[in-house]
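File shown: my_file.tsv (TSV, N, CA, C and O atoms).
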```tsv
chain	number	residue	atom	x	y	z
U	30	MET	N	-14.40	4.47	-5.88
U	30	MET	CA	-13.63	4.05	-4.72
U	30	MET	C	-12.36	3.37	-5.21
U	30	MET	O	-12.39	2.51	-6.07
U	31	ILE	N	-11.24	3.78	-4.65
U	31	ILE	CA	-9.94	3.22	-5.00
U	31	ILE	C	-9.51	2.27	-3.89
U	31	ILE	O	-9.54	2.63	-2.71
U	32	ASP	N	-9.14	1.06	-4.27
U	32	ASP	CA	-8.61	0.09	-3.32
U	32	ASP	C	-7.11	0.31	-3.19
U	32	ASP	O	-6.40	0.34	-4.20
U	33	LEU	N	-6.65	0.47	-1.96
U	33	LEU	CA	-5.23	0.64	-1.68
U	33	LEU	C	-4.77	-0.61	-0.93
U	33	LEU	O	-5.28	-0.91	0.14
U	34	TYR	N	-3.84	-1.34	-1.54
U	34	TYR	CA	-3.29	-2.55	-0.94
U	34	TYR	C	-1.91	-2.22	-0.40
U	34	TYR	O	-1.06	-1.71	-1.13
U	35	LEU	N	-1.70	-2.51	0.86
U	35	LEU	CA	-0.42	-2.23	1.52
U	35	LEU	C	0.15	-3.53	2.08
U	35	LEU	O	-0.55	-4.26	2.78
U	36	VAL	N	1.40	-3.79	1.78
U	36	VAL	CA	2.15	-4.87	2.41
U	36	VAL	C	3.25	-4.20	3.22
U	36	VAL	O	4.02	-3.40	2.68
U	37	PHE	N	3.30	-4.48	4.51
U	37	PHE	CA	4.25	-3.78	5.38
U	37	PHE	C	4.83	-4.71	6.43
U	37	PHE	O	4.30	-5.78	6.70
U	38	ASP	N	5.94	-4.25	7.01
U	38	ASP	CA	6.53	-4.96	8.14
U	38	ASP	C	6.77	-4.02	9.32
U	38	ASP	O	7.26	-4.44	10.36
U	39	ASN	N	6.39	-2.76	9.16
U	39	ASN	CA	6.54	-1.76	10.22
U	39	ASN	C	5.18	-1.10	10.43
U	39	ASN	O	4.66	-0.45	9.50
U	40	ILE	N	4.63	-1.23	11.61
U	40	ILE	CA	3.30	-0.70	11.90
U	40	ILE	C	3.21	0.80	11.67
U	40	ILE	O	2.14	1.34	11.38
U	41	ASN	N	4.33	1.51	11.73
U	41	ASN	CA	4.33	2.95	11.49
U	41	ASN	C	3.91	3.29	10.06
U	41	ASN	O	3.30	4.34	9.83
U	42	ASP	N	4.22	2.41	9.12
U	42	ASP	CA	3.78	2.63	7.73
U	42	ASP	C	2.26	2.60	7.63
U	42	ASP	O	1.65	3.43	6.96
U	43	LEU	N	1.65	1.64	8.30
U	43	LEU	CA	0.19	1.56	8.32
U	43	LEU	C	-0.40	2.79	9.01
U	43	LEU	O	-1.36	3.39	8.51
U	44	ASN	N	0.17	3.18	10.12
U	44	ASN	CA	-0.33	4.34	10.86
U	44	ASN	C	-0.26	5.62	10.03
U	44	ASN	O	-1.19	6.43	10.05
U	45	LYS	N	0.83	5.81	9.29
U	45	LYS	CA	0.97	6.99	8.42
U	45	LYS	C	-0.14	7.03	7.39
U	45	LYS	O	-0.74	8.07	7.15
U	46	LEU	N	-0.39	5.89	6.76
U	46	LEU	CA	-1.43	5.84	5.74
U	46	LEU	C	-2.81	6.11	6.33
U	46	LEU	O	-3.61	6.83	5.73
U	47	GLU	N	-3.10	5.53	7.47
U	47	GLU	CA	-4.40	5.75	8.09
U	47	GLU	C	-4.61	7.22	8.45
U	47	GLU	O	-5.73	7.71	8.38
U	48	GLU	N	-3.55	7.92	8.82
U	48	GLU	CA	-3.66	9.35	9.13
U	48	GLU	C	-3.95	10.16	7.87
U	48	GLU	O	-4.72	11.11	7.91
U	49	ILE	N	-3.31	9.80	6.78
U	49	ILE	CA	-3.45	10.54	5.53
U	49	ILE	C	-4.80	10.27	4.86
U	49	ILE	O	-5.46	11.18	4.39
U	50	ILE	N	-5.18	9.01	4.80
U	50	ILE	CA	-6.40	8.63	4.10
U	50	ILE	C	-7.59	8.73	5.05
U	50	ILE	O	-8.03	7.75	5.61
U	51	ASN	N	-8.10	9.91	5.17
U	51	ASN	CA	-9.25	10.10	6.05
U	51	ASN	C	-10.50	10.42	5.25
U	51	ASN	O	-11.51	10.81	5.80
U	52	ASP	N	-10.43	10.25	3.93
U	52	ASP	CA	-11.61	10.50	3.11
U	52	ASP	C	-12.23	9.18	2.69
U	52	ASP	O	-11.76	8.11	3.04
U	53	LYS	N	-13.27	9.26	1.93
U	53	LYS	CA	-13.99	8.05	1.53
U	53	LYS	C	-13.63	7.60	0.12
U	53	LYS	O	-14.31	6.76	-0.45
U	54	ASN	N	-12.56	8.14	-0.45
U	54	ASN	CA	-12.15	7.76	-1.79
U	54	ASN	C	-11.30	6.49	-1.82
U	54	ASN	O	-11.09	5.92	-2.87
U	55	PHE	N	-10.79	6.08	-0.67
U	55	PHE	CA	-9.90	4.92	-0.60
U	55	PHE	C	-10.45	3.88	0.36
U	55	PHE	O	-11.03	4.21	1.39
U	56	TYR	N	-10.23	2.62	-0.01
U	56	TYR	CA	-10.53	1.51	0.88
U	56	TYR	C	-9.20	0.79	1.11
U	56	TYR	O	-8.56	0.32	0.17
U	57	LEU	N	-8.75	0.75	2.36
U	57	LEU	CA	-7.44	0.21	2.70
U	57	LEU	C	-7.50	-1.29	3.00
U	57	LEU	O	-8.27	-1.73	3.84
U	58	HIS	N	-6.68	-2.04	2.28
U	58	HIS	CA	-6.46	-3.47	2.52
U	58	HIS	C	-5.00	-3.59	2.92
U	58	HIS	O	-4.15	-2.96	2.30
U	59	TYR	N	-4.69	-4.40	3.90
U	59	TYR	CA	-3.28	-4.51	4.28
U	59	TYR	C	-2.92	-5.92	4.71
U	59	TYR	O	-3.77	-6.68	5.18
U	60	LEU	N	-1.64	-6.22	4.52
U	60	LEU	CA	-1.05	-7.49	4.94
U	60	LEU	C	0.22	-7.18	5.71
U	60	LEU	O	1.09	-6.48	5.22
U	61	ASP	N	0.29	-7.70	6.92
U	61	ASP	CA	1.45	-7.51	7.79
U	61	ASP	C	2.36	-8.72	7.67
U	61	ASP	O	1.98	-9.83	8.04
U	62	VAL	N	3.56	-8.50	7.15
U	62	VAL	CA	4.52	-9.59	6.94
U	62	VAL	C	4.88	-10.27	8.26
U	62	VAL	O	5.21	-11.45	8.29
U	63	ASN	N	4.80	-9.55	9.36
U	63	ASN	CA	5.14	-10.11	10.67
U	63	ASN	C	4.02	-10.97	11.27
U	63	ASN	O	4.25	-11.68	12.23
U	64	ASN	N	2.84	-10.91	10.68
U	64	ASN	CA	1.71	-11.70	11.15
U	64	ASN	C	1.76	-13.07	10.47
U	64	ASN	O	1.81	-13.17	9.24
U	65	HIS	N	1.71	-14.11	11.27
U	65	HIS	CA	1.80	-15.48	10.76
U	65	HIS	C	0.76	-15.76	9.66
U	65	HIS	O	1.07	-16.40	8.65
U	66	TYR	N	-0.45	-15.27	9.82
U	66	TYR	CA	-1.53	-15.56	8.87
U	66	TYR	C	-1.43	-14.73	7.60
U	66	TYR	O	-1.92	-15.14	6.55
U	67	ASP	N	-0.79	-13.57	7.66
U	67	ASP	CA	-0.66	-12.71	6.49
U	67	ASP	C	0.61	-12.96	5.68
U	67	ASP	O	0.69	-12.60	4.51
U	68	ARG	N	1.59	-13.57	6.30
U	68	ARG	CA	2.93	-13.66	5.71
U	68	ARG	C	2.95	-14.31	4.32
U	68	ARG	O	3.47	-13.73	3.37
U	69	SER	N	2.37	-15.46	4.17
U	69	SER	CA	2.43	-16.12	2.85
U	69	SER	C	1.60	-15.37	1.82
U	69	SER	O	2.00	-15.26	0.66
U	70	LYS	N	0.47	-14.79	2.23
U	70	LYS	CA	-0.33	-13.98	1.31
U	70	LYS	C	0.44	-12.75	0.86
U	70	LYS	O	0.38	-12.36	-0.31
U	71	ALA	N	1.16	-12.15	1.79
U	71	ALA	CA	1.93	-10.94	1.48
U	71	ALA	C	3.03	-11.24	0.47
U	71	ALA	O	3.21	-10.50	-0.50
U	72	PHE	N	3.76	-12.32	0.67
U	72	PHE	CA	4.83	-12.67	-0.27
U	72	PHE	C	4.28	-13.05	-1.64
U	72	PHE	O	4.85	-12.71	-2.66
U	73	LYS	N	3.15	-13.72	-1.66
U	73	LYS	CA	2.52	-14.07	-2.93
U	73	LYS	C	2.06	-12.80	-3.66
U	73	LYS	O	2.27	-12.65	-4.86
U	74	PHE	N	1.44	-11.88	-2.92
U	74	PHE	CA	0.95	-10.64	-3.51
U	74	PHE	C	2.10	-9.81	-4.08
U	74	PHE	O	2.05	-9.34	-5.22
U	75	LYS	N	3.17	-9.65	-3.28
U	75	LYS	CA	4.32	-8.89	-3.76
U	75	LYS	C	4.99	-9.58	-4.93
U	75	LYS	O	5.47	-8.93	-5.85
U	76	GLY	N	5.01	-10.91	-4.92
U	76	GLY	CA	5.63	-11.67	-5.99
U	76	GLY	C	4.98	-11.45	-7.33
U	76	GLY	O	5.64	-11.46	-8.38
U	77	GLU	N	3.68	-11.21	-7.34
U	77	GLU	CA	2.97	-10.93	-8.59
U	77	GLU	C	3.46	-9.65	-9.24
U	77	GLU	O	3.32	-9.47	-10.45
U	78	TRP	N	4.05	-8.77	-8.44
U	78	TRP	CA	4.52	-7.48	-8.93
U	78	TRP	C	6.05	-7.38	-8.87
U	78	TRP	O	6.60	-6.31	-9.07
U	79	SER	N	6.71	-8.47	-8.60
U	79	SER	CA	8.18	-8.53	-8.50
U	79	SER	C	8.72	-7.57	-7.46
U	79	SER	O	9.81	-7.02	-7.61
U	80	ALA	N	7.97	-7.34	-6.43
U	80	ALA	CA	8.41	-6.47	-5.33
U	80	ALA	C	9.06	-7.34	-4.26
U	80	ALA	O	8.55	-8.40	-3.93
U	81	ARG	N	10.17	-6.87	-3.73
U	81	ARG	CA	10.87	-7.64	-2.70
U	81	ARG	C	10.85	-6.93	-1.36
U	81	ARG	O	10.78	-7.56	-0.33
U	82	GLN	N	10.97	-5.61	-1.38
U	82	GLN	CA	11.09	-4.87	-0.13
U	82	GLN	C	9.73	-4.39	0.36
U	82	GLN	O	8.77	-4.26	-0.41
U	83	ASN	N	9.71	-4.12	1.65
U	83	ASN	CA	8.51	-3.58	2.28
U	83	ASN	C	8.76	-2.12	2.62
U	83	ASN	O	9.90	-1.76	2.91
U	84	PRO	N	7.77	-1.30	2.62
U	84	PRO	CA	6.40	-1.56	2.24
U	84	PRO	C	6.21	-1.53	0.71
U	84	PRO	O	7.06	-1.04	-0.02
U	85	PHE	N	5.09	-2.07	0.30
U	85	PHE	CA	4.68	-2.09	-1.10
U	85	PHE	C	3.23	-1.64	-1.15
U	85	PHE	O	2.43	-2.05	-0.32
U	86	ILE	N	2.89	-0.78	-2.10
U	86	ILE	CA	1.52	-0.28	-2.23
U	86	ILE	C	1.05	-0.46	-3.66
U	86	ILE	O	1.78	-0.20	-4.62
U	87	LEU	N	-0.20	-0.88	-3.79
U	87	LEU	CA	-0.84	-1.01	-5.10
U	87	LEU	C	-2.18	-0.30	-5.04
U	87	LEU	O	-2.96	-0.52	-4.11
U	88	LEU	N	-2.45	0.54	-6.03
U	88	LEU	CA	-3.74	1.22	-6.15
U	88	LEU	C	-4.52	0.58	-7.28
U	88	LEU	O	-3.98	0.38	-8.38
U	89	GLU	N	-5.78	0.28	-7.02
U	89	GLU	CA	-6.61	-0.39	-8.00
U	89	GLU	C	-8.02	0.21	-7.95
U	89	GLU	O	-8.54	0.50	-6.88
U	90	GLU	N	-8.61	0.38	-9.13
U	90	GLU	CA	-9.98	0.89	-9.19
U	90	GLU	C	-10.77	0.05	-10.18
U	90	GLU	O	-10.39	-0.06	-11.35
U	91	LYS	N	-11.84	-0.55	-9.70
U	91	LYS	CA	-12.71	-1.40	-10.52
U	91	LYS	C	-11.92	-2.47	-11.26
U	91	LYS	O	-12.13	-2.72	-12.44
U	92	GLY	N	-10.97	-3.09	-10.57
U	92	GLY	CA	-10.19	-4.17	-11.15
U	92	GLY	C	-9.03	-3.73	-12.04
U	92	GLY	O	-8.29	-4.56	-12.55
U	93	LYS	N	-8.88	-2.42	-12.22
U	93	LYS	CA	-7.80	-1.90	-13.06
U	93	LYS	C	-6.73	-1.28	-12.17
U	93	LYS	O	-7.02	-0.45	-11.32
U	94	VAL	N	-5.50	-1.68	-12.39
U	94	VAL	CA	-4.38	-1.16	-11.61
U	94	VAL	C	-4.10	0.27	-12.04
U	94	VAL	O	-3.93	0.56	-13.22
U	95	LEU	N	-4.06	1.17	-11.05
U	95	LEU	CA	-3.75	2.57	-11.32
U	95	LEU	C	-2.27	2.85	-11.18
U	95	LEU	O	-1.68	3.53	-12.01
U	96	LYS	N	-1.67	2.34	-10.09
U	96	LYS	CA	-0.27	2.63	-9.83
U	96	LYS	C	0.26	1.70	-8.75
U	96	LYS	O	-0.48	1.29	-7.87
U	97	ALA	N	1.55	1.41	-8.81
U	97	ALA	CA	2.23	0.64	-7.78
U	97	ALA	C	3.39	1.48	-7.24
U	97	ALA	O	4.03	2.21	-7.99
U	98	TYR	N	3.62	1.36	-5.95
U	98	TYR	CA	4.70	2.08	-5.29
U	98	TYR	C	5.65	1.05	-4.70
U	98	TYR	O	5.25	0.24	-3.87
U	99	TYR	N	6.91	1.10	-5.14
U	99	TYR	CA	7.92	0.14	-4.73
U	99	TYR	C	8.95	0.80	-3.84
U	99	TYR	O	9.42	1.90	-4.15
U	100	SER	N	9.37	0.12	-2.80
U	100	SER	CA	10.46	0.62	-1.96
U	100	SER	C	11.83	0.36	-2.59
U	100	SER	O	12.82	0.93	-2.16
U	101	GLU	N	11.88	-0.47	-3.60
U	101	GLU	CA	13.14	-0.75	-4.29
U	101	GLU	C	13.70	0.47	-4.99
U	101	GLU	O	14.87	0.47	-5.40
U	102	THR	N	12.93	1.50	-5.16
U	102	THR	CA	13.39	2.71	-5.85
U	102	THR	C	14.33	3.54	-4.98
U	102	THR	O	14.89	4.52	-5.45
U	103	GLY	N	14.45	3.19	-3.71
U	103	GLY	CA	15.32	3.93	-2.80
U	103	GLY	C	14.54	4.81	-1.83
U	103	GLY	O	15.09	5.30	-0.86
U	104	GLU	N	13.26	5.01	-2.10
U	104	GLU	CA	12.41	5.78	-1.21
U	104	GLU	C	11.28	4.88	-0.73
U	104	GLU	O	10.72	4.11	-1.50
U	105	ASN	N	10.94	5.01	0.53
U	105	ASN	CA	9.86	4.24	1.12
U	105	ASN	C	8.58	4.43	0.31
U	105	ASN	O	8.21	5.55	-0.03
U	106	ALA	N	7.89	3.35	-0.01
U	106	ALA	CA	6.68	3.40	-0.82
U	106	ALA	C	5.58	4.24	-0.17
U	106	ALA	O	4.83	4.91	-0.86
U	107	VAL	N	5.49	4.21	1.15
U	107	VAL	CA	4.47	5.00	1.84
U	107	VAL	C	4.76	6.49	1.64
U	107	VAL	O	3.85	7.27	1.35
U	108	ASN	N	6.01	6.88	1.75
U	108	ASN	CA	6.38	8.28	1.53
U	108	ASN	C	6.10	8.70	0.09
U	108	ASN	O	5.65	9.82	-0.16
U	109	GLN	N	6.35	7.80	-0.86
U	109	GLN	CA	6.04	8.09	-2.27
U	109	GLN	C	4.55	8.33	-2.44
U	109	GLN	O	4.13	9.28	-3.11
U	110	PHE	N	3.74	7.45	-1.84
U	110	PHE	CA	2.29	7.60	-1.96
U	110	PHE	C	1.81	8.90	-1.32
U	110	PHE	O	0.95	9.58	-1.87
U	111	ILE	N	2.35	9.25	-0.15
U	111	ILE	CA	1.92	10.46	0.55
U	111	ILE	C	2.19	11.69	-0.33
U	111	ILE	O	1.34	12.58	-0.43
U	112	LYS	N	3.35	11.75	-0.97
U	112	LYS	CA	3.64	12.86	-1.88
U	112	LYS	C	2.65	12.89	-3.04
U	112	LYS	O	2.14	13.94	-3.41
U	113	ASP	N	2.40	11.73	-3.62
U	113	ASP	CA	1.47	11.62	-4.75
U	113	ASP	C	0.04	11.95	-4.31
U	113	ASP	O	-0.70	12.60	-5.05
U	114	TYR	N	-0.33	11.53	-3.14
U	114	TYR	CA	-1.66	11.79	-2.61
U	114	TYR	C	-1.89	13.30	-2.47
U	114	TYR	O	-2.96	13.82	-2.85
U	115	ALA	N	-0.91	14.01	-1.96
U	115	ALA	CA	-1.03	15.46	-1.79
U	115	ALA	C	-1.24	16.15	-3.15
U	115	ALA	O	-2.00	17.12	-3.23
U	116	LYS	N	-0.61	15.64	-4.20
U	116	LYS	CA	-0.73	16.24	-5.53
U	116	LYS	C	-2.00	15.84	-6.26
U	116	LYS	O	-2.65	16.65	-6.90
U	117	ASN	N	-2.34	14.55	-6.21
U	117	ASN	CA	-3.35	14.01	-7.12
U	117	ASN	C	-4.67	13.57	-6.51
U	117	ASN	O	-5.67	13.47	-7.22
U	118	TYR	N	-4.68	13.23	-5.23
U	118	TYR	CA	-5.88	12.63	-4.67
U	118	TYR	C	-6.54	13.47	-3.57
U	118	TYR	O	-7.63	13.17	-3.15
U	119	ASN	N	-5.86	14.46	-3.08
U	119	ASN	CA	-6.38	15.25	-1.96
U	119	ASN	C	-7.02	16.53	-2.49
U	119	ASN	O	-6.47	17.60	-2.40
U	120	SER	N	-8.21	16.39	-3.06
U	120	SER	CA	-8.87	17.58	-3.62
U	120	SER	C	-10.17	17.87	-2.91
U	120	SER	O	-10.69	17.15	-2.16
```
Hey, can you dump this file as structure tokens for me?
Amino acid sequence: MIDLYLVFDNINDLNKLEEIINDKNFYLHYLDVNNHYDRSKAFKFKGEWSARQNPFILLEEKGKVLKAYYSETGENAVNQFIKDYAKNYNS
């Protein structure tokens, strides 16, 4: 089971991921920057990875980081993950 951590500020990013991840290989954890209770956790989590923009995605399996998707690259992290998911995880 792969843990997928998402930090977002647009609910559409969460909705896209939920549509794509319909198998049992991923467990989705998320933090909404707009939610008062998630905000400080989200900034702390992103800070550990030097991520500034939203959304941010981290894949982890058994405590080992597999990959991180940053929106700082110029492409939305959710879109990056969806492309990667189609190639590597959707079998």
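If you look at atom O of Asp113 (chain U) and CA of Leu87 (chain U), they are 13.6 Å away from each other.
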Q.
Please compute the atom C of Glu101 (chain U)-atom N of Leu35 (chain U) distance, one decimal, in Å.
A. 16.7 Å
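Atom O of Phe55 (chain U) is found 23.5 Å from atom C of Ser100 (chain U).
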Q: Skip region 64-81 of chain U itself and residues of its chain fewer than 2 positions away, then list as a PyMOL selection string all residues within 8 Å of it, counting only C-alpha atoms.
A: chain U and resi 36+60-62+83+85+99+101
If you run DSSP on this backbone, which residues of region 31-117 of chain U come out as helix (DSSP H, G or I), and could you give them as a tab-separated table (two decimals) with N, CA, C and O atoms, keeping the file's coordinate frame?
```
chain	number	residue	atom	x	y	z
U	40	ILE	N	4.63	-1.23	11.61
U	40	ILE	CA	3.30	-0.70	11.90
U	40	ILE	C	3.21	0.80	11.67
U	40	ILE	O	2.14	1.34	11.38
U	41	ASN	N	4.33	1.51	11.73
U	41	ASN	CA	4.33	2.95	11.49
U	41	ASN	C	3.91	3.29	10.06
U	41	ASN	O	3.30	4.34	9.83
U	42	ASP	N	4.22	2.41	9.12
U	42	ASP	CA	3.78	2.63	7.73
U	42	ASP	C	2.26	2.60	7.63
U	42	ASP	O	1.65	3.43	6.96
U	43	LEU	N	1.65	1.64	8.30
U	43	LEU	CA	0.19	1.56	8.32
U	43	LEU	C	-0.40	2.79	9.01
U	43	LEU	O	-1.36	3.39	8.51
U	44	ASN	N	0.17	3.18	10.12
U	44	ASN	CA	-0.33	4.34	10.86
U	44	ASN	C	-0.26	5.62	10.03
U	44	ASN	O	-1.19	6.43	10.05
U	45	LYS	N	0.83	5.81	9.29
U	45	LYS	CA	0.97	6.99	8.42
U	45	LYS	C	-0.14	7.03	7.39
U	45	LYS	O	-0.74	8.07	7.15
U	46	LEU	N	-0.39	5.89	6.76
U	46	LEU	CA	-1.43	5.84	5.74
U	46	LEU	C	-2.81	6.11	6.33
U	46	LEU	O	-3.61	6.83	5.73
U	47	GLU	N	-3.10	5.53	7.47
U	47	GLU	CA	-4.40	5.75	8.09
U	47	GLU	C	-4.61	7.22	8.45
U	47	GLU	O	-5.73	7.71	8.38
U	48	GLU	N	-3.55	7.92	8.82
U	48	GLU	CA	-3.66	9.35	9.13
U	48	GLU	C	-3.95	10.16	7.87
U	48	GLU	O	-4.72	11.11	7.91
U	49	ILE	N	-3.31	9.80	6.78
U	49	ILE	CA	-3.45	10.54	5.53
U	49	ILE	C	-4.80	10.27	4.86
U	49	ILE	O	-5.46	11.18	4.39
U	65	HIS	N	1.71	-14.11	11.27
U	65	HIS	CA	1.80	-15.48	10.76
U	65	HIS	C	0.76	-15.76	9.66
U	65	HIS	O	1.07	-16.40	8.65
U	66	TYR	N	-0.45	-15.27	9.82
U	66	TYR	CA	-1.53	-15.56	8.87
U	66	TYR	C	-1.43	-14.73	7.60
U	66	TYR	O	-1.92	-15.14	6.55
U	67	ASP	N	-0.79	-13.57	7.66
U	67	ASP	CA	-0.66	-12.71	6.49
U	67	ASP	C	0.61	-12.96	5.68
U	67	ASP	O	0.69	-12.60	4.51
U	68	ARG	N	1.59	-13.57	6.30
U	68	ARG	CA	2.93	-13.66	5.71
U	68	ARG	C	2.95	-14.31	4.32
U	68	ARG	O	3.47	-13.73	3.37
U	69	SER	N	2.37	-15.46	4.17
U	69	SER	CA	2.43	-16.12	2.85
U	69	SER	C	1.60	-15.37	1.82
U	69	SER	O	2.00	-15.26	0.66
U	70	LYS	N	0.47	-14.79	2.23
U	70	LYS	CA	-0.33	-13.98	1.31
U	70	LYS	C	0.44	-12.75	0.86
U	70	LYS	O	0.38	-12.36	-0.31
U	71	ALA	N	1.16	-12.15	1.79
U	71	ALA	CA	1.93	-10.94	1.48
U	71	ALA	C	3.03	-11.24	0.47
U	71	ALA	O	3.21	-10.50	-0.50
U	72	PHE	N	3.76	-12.32	0.67
U	72	PHE	CA	4.83	-12.67	-0.27
U	72	PHE	C	4.28	-13.05	-1.64
U	72	PHE	O	4.85	-12.71	-2.66
U	73	LYS	N	3.15	-13.72	-1.66
U	73	LYS	CA	2.52	-14.07	-2.93
U	73	LYS	C	2.06	-12.80	-3.66
U	73	LYS	O	2.27	-12.65	-4.86
U	74	PHE	N	1.44	-11.88	-2.92
U	74	PHE	CA	0.95	-10.64	-3.51
U	74	PHE	C	2.10	-9.81	-4.08
U	74	PHE	O	2.05	-9.34	-5.22
U	75	LYS	N	3.17	-9.65	-3.28
U	75	LYS	CA	4.32	-8.89	-3.76
U	75	LYS	C	4.99	-9.58	-4.93
U	75	LYS	O	5.47	-8.93	-5.85
U	76	GLY	N	5.01	-10.91	-4.92
U	76	GLY	CA	5.63	-11.67	-5.99
U	76	GLY	C	4.98	-11.45	-7.33
U	76	GLY	O	5.64	-11.46	-8.38
U	77	GLU	N	3.68	-11.21	-7.34
U	77	GLU	CA	2.97	-10.93	-8.59
U	77	GLU	C	3.46	-9.65	-9.24
U	77	GLU	O	3.32	-9.47	-10.45
U	100	SER	N	9.37	0.12	-2.80
U	100	SER	CA	10.46	0.62	-1.96
U	100	SER	C	11.83	0.36	-2.59
U	100	SER	O	12.82	0.93	-2.16
U	101	GLU	N	11.88	-0.47	-3.60
U	101	GLU	CA	13.14	-0.75	-4.29
U	101	GLU	C	13.70	0.47	-4.99
U	101	GLU	O	14.87	0.47	-5.40
U	102	THR	N	12.93	1.50	-5.16
U	102	THR	CA	13.39	2.71	-5.85
U	102	THR	C	14.33	3.54	-4.98
U	102	THR	O	14.89	4.52	-5.45
U	106	ALA	N	7.89	3.35	-0.01
U	106	ALA	CA	6.68	3.40	-0.82
U	106	ALA	C	5.58	4.24	-0.17
U	106	ALA	O	4.83	4.91	-0.86
U	107	VAL	N	5.49	4.21	1.15
U	107	VAL	CA	4.47	5.00	1.84
U	107	VAL	C	4.76	6.49	1.64
U	107	VAL	O	3.85	7.27	1.35
U	108	ASN	N	6.01	6.88	1.75
U	108	ASN	CA	6.38	8.28	1.53
U	108	ASN	C	6.10	8.70	0.09
U	108	ASN	O	5.65	9.82	-0.16
U	109	GLN	N	6.35	7.80	-0.86
U	109	GLN	CA	6.04	8.09	-2.27
U	109	GLN	C	4.55	8.33	-2.44
U	109	GLN	O	4.13	9.28	-3.11
U	110	PHE	N	3.74	7.45	-1.84
U	110	PHE	CA	2.29	7.60	-1.96
U	110	PHE	C	1.81	8.90	-1.32
U	110	PHE	O	0.95	9.58	-1.87
U	111	ILE	N	2.35	9.25	-0.15
U	111	ILE	CA	1.92	10.46	0.55
U	111	ILE	C	2.19	11.69	-0.33
U	111	ILE	O	1.34	12.58	-0.43
U	112	LYS	N	3.35	11.75	-0.97
U	112	LYS	CA	3.64	12.86	-1.88
U	112	LYS	C	2.65	12.89	-3.04
U	112	LYS	O	2.14	13.94	-3.41
U	113	ASP	N	2.40	11.73	-3.62
U	113	ASP	CA	1.47	11.62	-4.75
U	113	ASP	C	0.04	11.95	-4.31
U	113	ASP	O	-0.70	12.60	-5.05
U	114	TYR	N	-0.33	11.53	-3.14
U	114	TYR	CA	-1.66	11.79	-2.61
U	114	TYR	C	-1.89	13.30	-2.47
U	114	TYR	O	-2.96	13.82	-2.85
U	115	ALA	N	-0.91	14.01	-1.96
U	115	ALA	CA	-1.03	15.46	-1.79
U	115	ALA	C	-1.24	16.15	-3.15
U	115	ALA	O	-2.00	17.12	-3.23
U	116	LYS	N	-0.61	15.64	-4.20
U	116	LYS	CA	-0.73	16.24	-5.53
U	116	LYS	C	-2.00	15.84	-6.26
U	116	LYS	O	-2.65	16.65	-6.90
U	117	ASN	N	-2.34	14.55	-6.21
U	117	ASN	CA	-3.35	14.01	-7.12
U	117	ASN	C	-4.67	13.57	-6.51
U	117	ASN	O	-5.67	13.47	-7.22
```
Q | Using all atoms listed in the file: which of U:Lys91, U:Pro84, U:Asn54, U:Asn44 has the shortest distance to Tyr118 (chain U) | A | U:Asn54
Q: Please give the complete set of residues from chain U that DSSP, run on the backbone, assigns to strand (DSSP E or B), formatted as an MDAnalysis selection string.
A: chainID U and resid 31:37 55:61 85:90 93:98
Q: Check the smallest atom-to-atom distance from each of U:Tyr114, U:Asn39, U:Tyr56, U:Asn105 to Leu88 (chain U) using only N, CA, C and O atoms, then report the winner.
A: U:Tyr56
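Of the listed residues (U:Lys93, U:Lys45, U:His58, U:Lys53), U:Lys45 comes nearest to Val107 (chain U); the distances count only N, CA, C and O atoms.
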Q: Choose the residue, out of U:Leu46, U:Leu95, U:Ala115, U:Ala106, that has the smallest atom-to-atom separation from Met30 (chain U); count only C-alpha atoms.
A: U:Leu95
**Q.** Nearest to Asp32 (chain U) by atom-to-atom distance, counting all atoms listed in the file, from U:Tyr98, U:Lys116, U:Leu57, U:Gly103
**A.** U:Leu57
Q: Go through U:Ile111, U:Ala97, U:Ile86, U:Ile49 and flag the residue nearest Phe37 (chain U), using all atoms listed in the file for the distances.
A: U:Ile86
